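Novice: Hey, dropping coords27.cif in here, mmCIF, C-alpha atoms:
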```cif
data_data
#
loop_
_atom_site.label_atom_id
_atom_site.label_comp_id
_atom_site.auth_asym_id
_atom_site.auth_seq_id
_atom_site.Cartn_x
_atom_site.Cartn_y
_atom_site.Cartn_z
CA MET S 19 -178.47 49.97 69.60
CA TYR S 20 -175.31 51.58 68.17
CA ILE S 21 -173.89 48.13 67.49
CA GLY S 22 -177.00 47.22 65.51
CA ILE S 23 -176.79 50.40 63.43
CA ALA S 24 -173.08 49.87 62.80
CA LEU S 25 -173.68 46.25 61.78
CA PHE S 26 -176.48 47.32 59.44
CA LEU S 27 -174.25 49.94 57.80
CA LEU S 28 -171.44 47.41 57.36
CA ILE S 29 -173.83 44.99 55.66
CA VAL S 30 -175.13 47.73 53.35
CA LEU S 31 -171.60 48.84 52.42
CA TYR S 32 -170.48 45.25 51.83
CA SER S 33 -173.54 44.65 49.63
CA ILE S 34 -172.74 47.75 47.58
CA ARG S 35 -169.15 46.54 47.16
CA LEU S 36 -170.33 43.09 46.03
CA ALA S 37 -172.78 44.60 43.55
CA TYR S 38 -169.98 46.79 42.17
CA LEU S 39 -167.68 43.79 41.74
CA ALA S 40 -170.43 41.85 39.99
CA LYS S 41 -170.99 44.65 37.47
CA THR S 42 -167.37 45.57 36.76
CA SER S 43 -165.63 42.18 36.56
CA THR S 44 -164.32 41.34 33.10
CA ALA S 45 -164.46 38.00 31.33
CA PRO S 46 -161.25 35.97 31.19
CA ALA S 47 -159.02 36.15 28.12
CA GLY S 48 -160.53 34.37 25.15
CA PHE S 49 -163.98 33.97 26.67
CA GLY S 50 -166.69 34.96 24.23
CA ALA S 51 -164.30 34.48 21.32
CA GLY S 52 -164.31 30.69 21.30
CA ILE S 53 -160.82 30.21 22.72
CA SER S 54 -161.38 30.04 26.48
CA GLU S 55 -159.73 27.43 28.68
CA LEU S 56 -161.44 24.16 29.53
CA SER S 57 -159.45 23.29 32.64
CA CYS S 58 -159.70 24.97 36.04
CA PRO S 59 -156.89 26.65 37.94
CA ILE S 60 -156.83 25.09 41.40
CA ASP S 61 -156.07 28.29 43.32
CA ARG S 62 -159.68 28.74 44.51
CA PRO S 63 -162.71 26.44 44.76
CA SER S 64 -165.02 28.29 42.38
CA CYS S 65 -164.56 26.23 39.23
CA VAL S 66 -165.50 22.79 37.92
CA SER S 67 -164.23 21.15 34.75
CA SER S 68 -164.37 17.82 32.96
CA LYS S 69 -160.66 18.28 32.21
CA ASN S 70 -159.56 18.43 35.86
CA SER S 71 -158.86 15.39 38.00
CA GLU S 72 -158.50 17.12 41.38
CA PRO S 73 -161.29 16.48 43.92
CA GLY S 74 -163.64 19.45 44.14
CA PHE S 75 -162.76 20.60 40.61
CA LYS S 76 -163.65 17.47 38.59
CA ILE S 77 -167.07 17.06 37.01
CA ALA S 78 -168.06 14.46 34.44
CA ALA S 79 -168.37 15.36 30.77
CA PHE S 80 -171.78 14.94 29.14
CA SER S 81 -172.30 11.97 26.82
CA TYR S 82 -174.43 12.12 23.73
CA ALA S 83 -175.62 9.85 20.94
CA GLY S 84 -176.48 11.03 17.46
CA THR S 85 -175.05 13.85 15.44
CA GLN S 86 -172.89 16.71 16.64
CA ALA S 87 -175.44 19.20 15.28
CA ALA S 88 -178.27 17.56 17.24
CA ALA S 89 -176.16 17.52 20.40
CA LEU S 90 -175.32 21.22 19.96
CA SER S 91 -178.97 22.14 19.46
CA THR S 92 -180.05 20.14 22.52
CA LEU S 93 -177.19 21.58 24.58
CA LYS S 94 -178.16 25.14 23.64
CA ALA S 95 -181.76 24.46 24.70
CA ALA S 96 -180.58 22.95 28.01
CA ILE S 97 -178.32 25.94 28.71
CA SER S 98 -181.12 28.34 27.80
CA SER S 99 -183.41 26.66 30.34
CA GLU S 100 -181.34 28.26 33.10
CA PRO S 101 -182.34 31.73 34.33
CA ARG S 102 -180.15 34.80 33.82
CA VAL S 103 -178.02 33.31 31.01
CA GLU S 104 -176.40 35.01 28.04
CA ILE S 105 -174.84 32.92 25.28
CA ARG S 106 -171.67 34.80 24.40
CA PHE S 107 -170.24 32.55 21.66
CA GLU S 108 -171.52 29.69 19.55
CA SER S 109 -169.88 27.61 16.83
CA ALA S 110 -170.42 24.13 15.39
CA ASN S 111 -168.72 22.52 18.40
CA ARG S 112 -168.63 25.11 21.21
CA ILE S 113 -170.89 27.27 23.33
CA GLU S 114 -169.69 29.86 25.83
CA ALA S 115 -172.28 31.34 28.18
CA THR S 116 -172.36 33.68 31.15
CA PHE S 117 -174.77 32.96 33.99
CA ARG S 118 -175.62 35.53 36.67
CA THR S 119 -176.39 34.62 40.27
CA ALA S 120 -179.79 35.62 41.65
CA LEU S 121 -178.74 37.73 44.63
CA PHE S 122 -175.94 40.03 43.42
CA GLY S 123 -175.70 39.08 39.76
CA PHE S 124 -172.21 37.59 40.03
CA PRO S 125 -171.04 36.36 36.62
CA ASP S 126 -170.11 32.71 36.14
CA ASP S 127 -168.58 31.80 32.77
CA ALA S 128 -169.21 28.35 31.27
CA THR S 129 -167.68 26.71 28.23
CA PHE S 130 -169.08 23.59 26.56
CA GLU S 131 -167.12 21.88 23.77
CA ILE S 132 -168.41 18.96 21.74
CA SER S 133 -165.87 16.24 21.04
CA PRO S 134 -167.29 14.11 18.20
CA SER S 135 -164.50 11.52 18.39
CA SER S 136 -165.55 10.53 21.93
CA ALA S 137 -169.25 11.59 21.70
CA THR S 138 -168.79 13.76 24.78
CA ILE S 139 -169.26 17.38 25.72
CA GLU S 140 -166.30 18.67 27.70
CA LEU S 141 -167.09 21.59 29.98
CA ARG S 142 -165.93 24.17 32.46
CA SER S 143 -167.87 26.56 34.70
CA LYS S 144 -166.05 29.19 36.75
CA SER S 145 -167.01 32.16 38.90
CA ARG S 146 -165.36 35.46 38.02
CA VAL S 147 -165.72 37.01 41.48
CA GLY S 148 -164.92 35.63 44.92
CA TYR S 149 -162.94 32.79 46.38
CA SER S 150 -165.57 30.08 46.74
CA ASP S 151 -168.86 29.62 44.89
CA LEU S 152 -170.35 27.31 47.55
CA GLY S 153 -170.93 24.66 44.86
CA VAL S 154 -173.11 26.87 42.65
CA ASN S 155 -171.26 26.06 39.42
CA ALA S 156 -171.38 22.29 39.99
CA LYS S 157 -175.09 22.41 40.84
CA ARG S 158 -175.85 24.46 37.72
CA ILE S 159 -173.90 22.06 35.50
CA GLU S 160 -175.82 19.13 36.99
CA ARG S 161 -179.16 20.90 36.28
CA ILE S 162 -178.02 21.46 32.68
CA ARG S 163 -176.98 17.78 32.46
CA VAL S 164 -180.48 16.70 33.57
CA ALA S 165 -182.14 19.13 31.14
CA PHE S 166 -179.86 17.87 28.33
CA ALA S 167 -180.79 14.24 29.09
CA ASP S 168 -184.50 15.08 29.32
CA LEU S 169 -184.46 17.00 26.03
CA THR S 170 -182.50 14.21 24.35
CA GLN S 171 -185.03 11.65 25.55
CA ALA S 172 -187.96 13.84 24.44
CA SER S 173 -186.52 14.21 20.93
CA LYS S 174 -186.10 10.42 20.64
CA SER S 175 -189.74 9.80 21.50
CA GLU S 176 -191.04 12.21 18.86
#
```
Could you take the file, read its structure, and then write that structure out as structure tokens?
Specialist:
Amino acid sequence: MYIGIALFLLIVLYSIRLAYLAKTSTAPAGFGAGISELSCPIDRPSCVSSKNSEPGFKIAAFSYAGTQAAALSTLKAAISSEPRVEIRFESANRIEATFRTALFGFPDDATFEISPSSATIELRSKSRVGYSDLGVNAKRIERIRVAFADLTQASKSE
């Protein structure tokens, strides 16, 4: 019985620590000001980027057809379809957003940059807290990719 109580207390204390980290972590330099990095550091597996080539860190850029302004509008709608998101910066070719995880509210920072010369949207999504994100950033980016494609298709059929 004492072991169960001790285990319960450890879980509660660990949860409090995680919640504290989620609330007090600061954004990386340049994030929210339109000058954040697009590539991932490869020191921990909690980041995906279209600029990286290393397995586990590489994710494909989005492709788009049409104007840069239309792509930006569709991208913003796709990003906004995700729960617990705050758009921190927006310009004619870039969106920076912070997503919060459901359980502890861990912040994940994502940058999307439109490259009109290649008709692609380069991107990066990185967790601020912890060593591994268990694939959460990659899964979120893929959901946004699907939403972006669906919204693009819907606008073509109108």
Novice: (-176.8, 29.0, 28.4) in this file's frame - what residues fall within 6 Å of it? Use all atoms listed in the file and give the answer as a list in words.
Specialist: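 Answer for this query, in the requested form: Ile97, Ser98, Val103, Ile105 and Ala115 of chain S.
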Novice: Hey, which of S:Ile139, S:Phe26, S:Thr116, S:Thr85 ends up closest to Ser68 of chain S? Count all atoms listed in the file.
Specialist: S:Ile139
Novice: Apply the PyMOL selection byres ((chain S and resi 150) around 9) to the file shown and report the selected residues as a PyMOL selection string.
Specialist: chain S and resi 62-65+145+147-149+151-153
Novice: So what does the PyMOL selection byres ((chain S and resi 90) around 8) actually pick up in this one, as a PDB file with C-alpha atoms, in the frame of the given file?
Specialist:
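Result file expr_4.pdb:
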```
ATOM      1  CA  GLN S  86    -172.890  16.710  16.640  1.00  0.00           C
ATOM      2  CA  ALA S  87    -175.440  19.200  15.280  1.00  0.00           C
ATOM      3  CA  ALA S  88    -178.270  17.560  17.240  1.00  0.00           C
ATOM      4  CA  ALA S  89    -176.160  17.520  20.400  1.00  0.00           C
ATOM      5  CA  SER S  91    -178.970  22.140  19.460  1.00  0.00           C
ATOM      6  CA  THR S  92    -180.050  20.140  22.520  1.00  0.00           C
ATOM      7  CA  LEU S  93    -177.190  21.580  24.580  1.00  0.00           C
ATOM      8  CA  LYS S  94    -178.160  25.140  23.640  1.00  0.00           C
ATOM      9  CA  ALA S 110    -170.420  24.130  15.390  1.00  0.00           C
ATOM     10  CA  ASN S 111    -168.720  22.520  18.400  1.00  0.00           C
ATOM     11  CA  ARG S 112    -168.630  25.110  21.210  1.00  0.00           C
ATOM     12  CA  ILE S 132    -168.410  18.960  21.740  1.00  0.00           C
TER      13      ILE S 132
END
```
Novice: When the PyMOL selection byres ((chain S and resi 81) around 9) is applied to the file above, which residues end up in the set, as a ChimeraX atom specification?
Specialist: /S:79-80,82-83,136-139
Novice: Using all atoms listed in the file for the distances, tell me which of S:Phe107, S:Tyr20, S:Phe130, S:Phe49 is nearest to Arg142 of chain S.
Specialist: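 Among the listed residues, S:Phe130 lies closest to Arg142 of chain S.
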Novice: Here is a test: counting only C-alpha atoms, which residue of S:Thr170, S:Ser67, S:Ser109, S:Ser143 is nearest to Arg158 of chain S?
Specialist: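 Of S:Thr170, S:Ser67, S:Ser109, S:Ser143, the one nearest Arg158 of chain S is S:Ser143, counting only C-alpha atoms.
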Novice: Enumerate, as a PyMOL selection string, the protein, DNA and RNA residues whose atoms approach (-176.5, 38.0, 35.5) to within 9 Å, taking into account all atoms listed in the file and the coordinate frame of the file.
Specialist: chain S and resi 40-41+101-104+116-120+122-126
Novice: Using only C-alpha atoms, which of the listed residues (S:Leu169, S:Ala156, S:Leu56, S:Pro73) sits closest to Ile113 of chain S?
Specialist: S:Leu56
Novice: Select, from S:Asn155, S:Ser135, S:Ala95, S:Glu108, the residue with the minimum atom-to-atom distance to Ala167 of chain S, counting only C-alpha atoms.
Specialist: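 For Ala167 of chain S, the nearest of the candidates is S:Ala95.
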Novice: Atom CA of Asn70 of chain S to atom CA of Glu55 of chain S: how many Å, to one decimal?
Specialist: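 One can read the atom CA of Asn70 of chain S to atom CA of Glu55 of chain S distance as 11.5 Å.
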Novice: Enter the distance from atom CA of Phe75 of chain S to atom CA of Ile60 of chain S, in Å, rounded to one decimal.
Specialist: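 That distance, rounded to one decimal, is 7.5 Å.
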Novice: Atom CA of Lys174 of chain S and atom CA of Thr129 of chain S are how many Å apart?
Specialist: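 Atom-to-atom, atom CA of Lys174 of chain S and atom CA of Thr129 of chain S are spaced 25.7 Å apart.
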Novice: Kindly indicate which residue among S:Ala96, S:Leu141, S:Leu121, S:Ala128 lies nearest to Arg161 of chain S, using all atoms listed in the file for the distances.
Specialist: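 Of the candidates, the smallest distance to Arg161 of chain S is held by S:Ala96.
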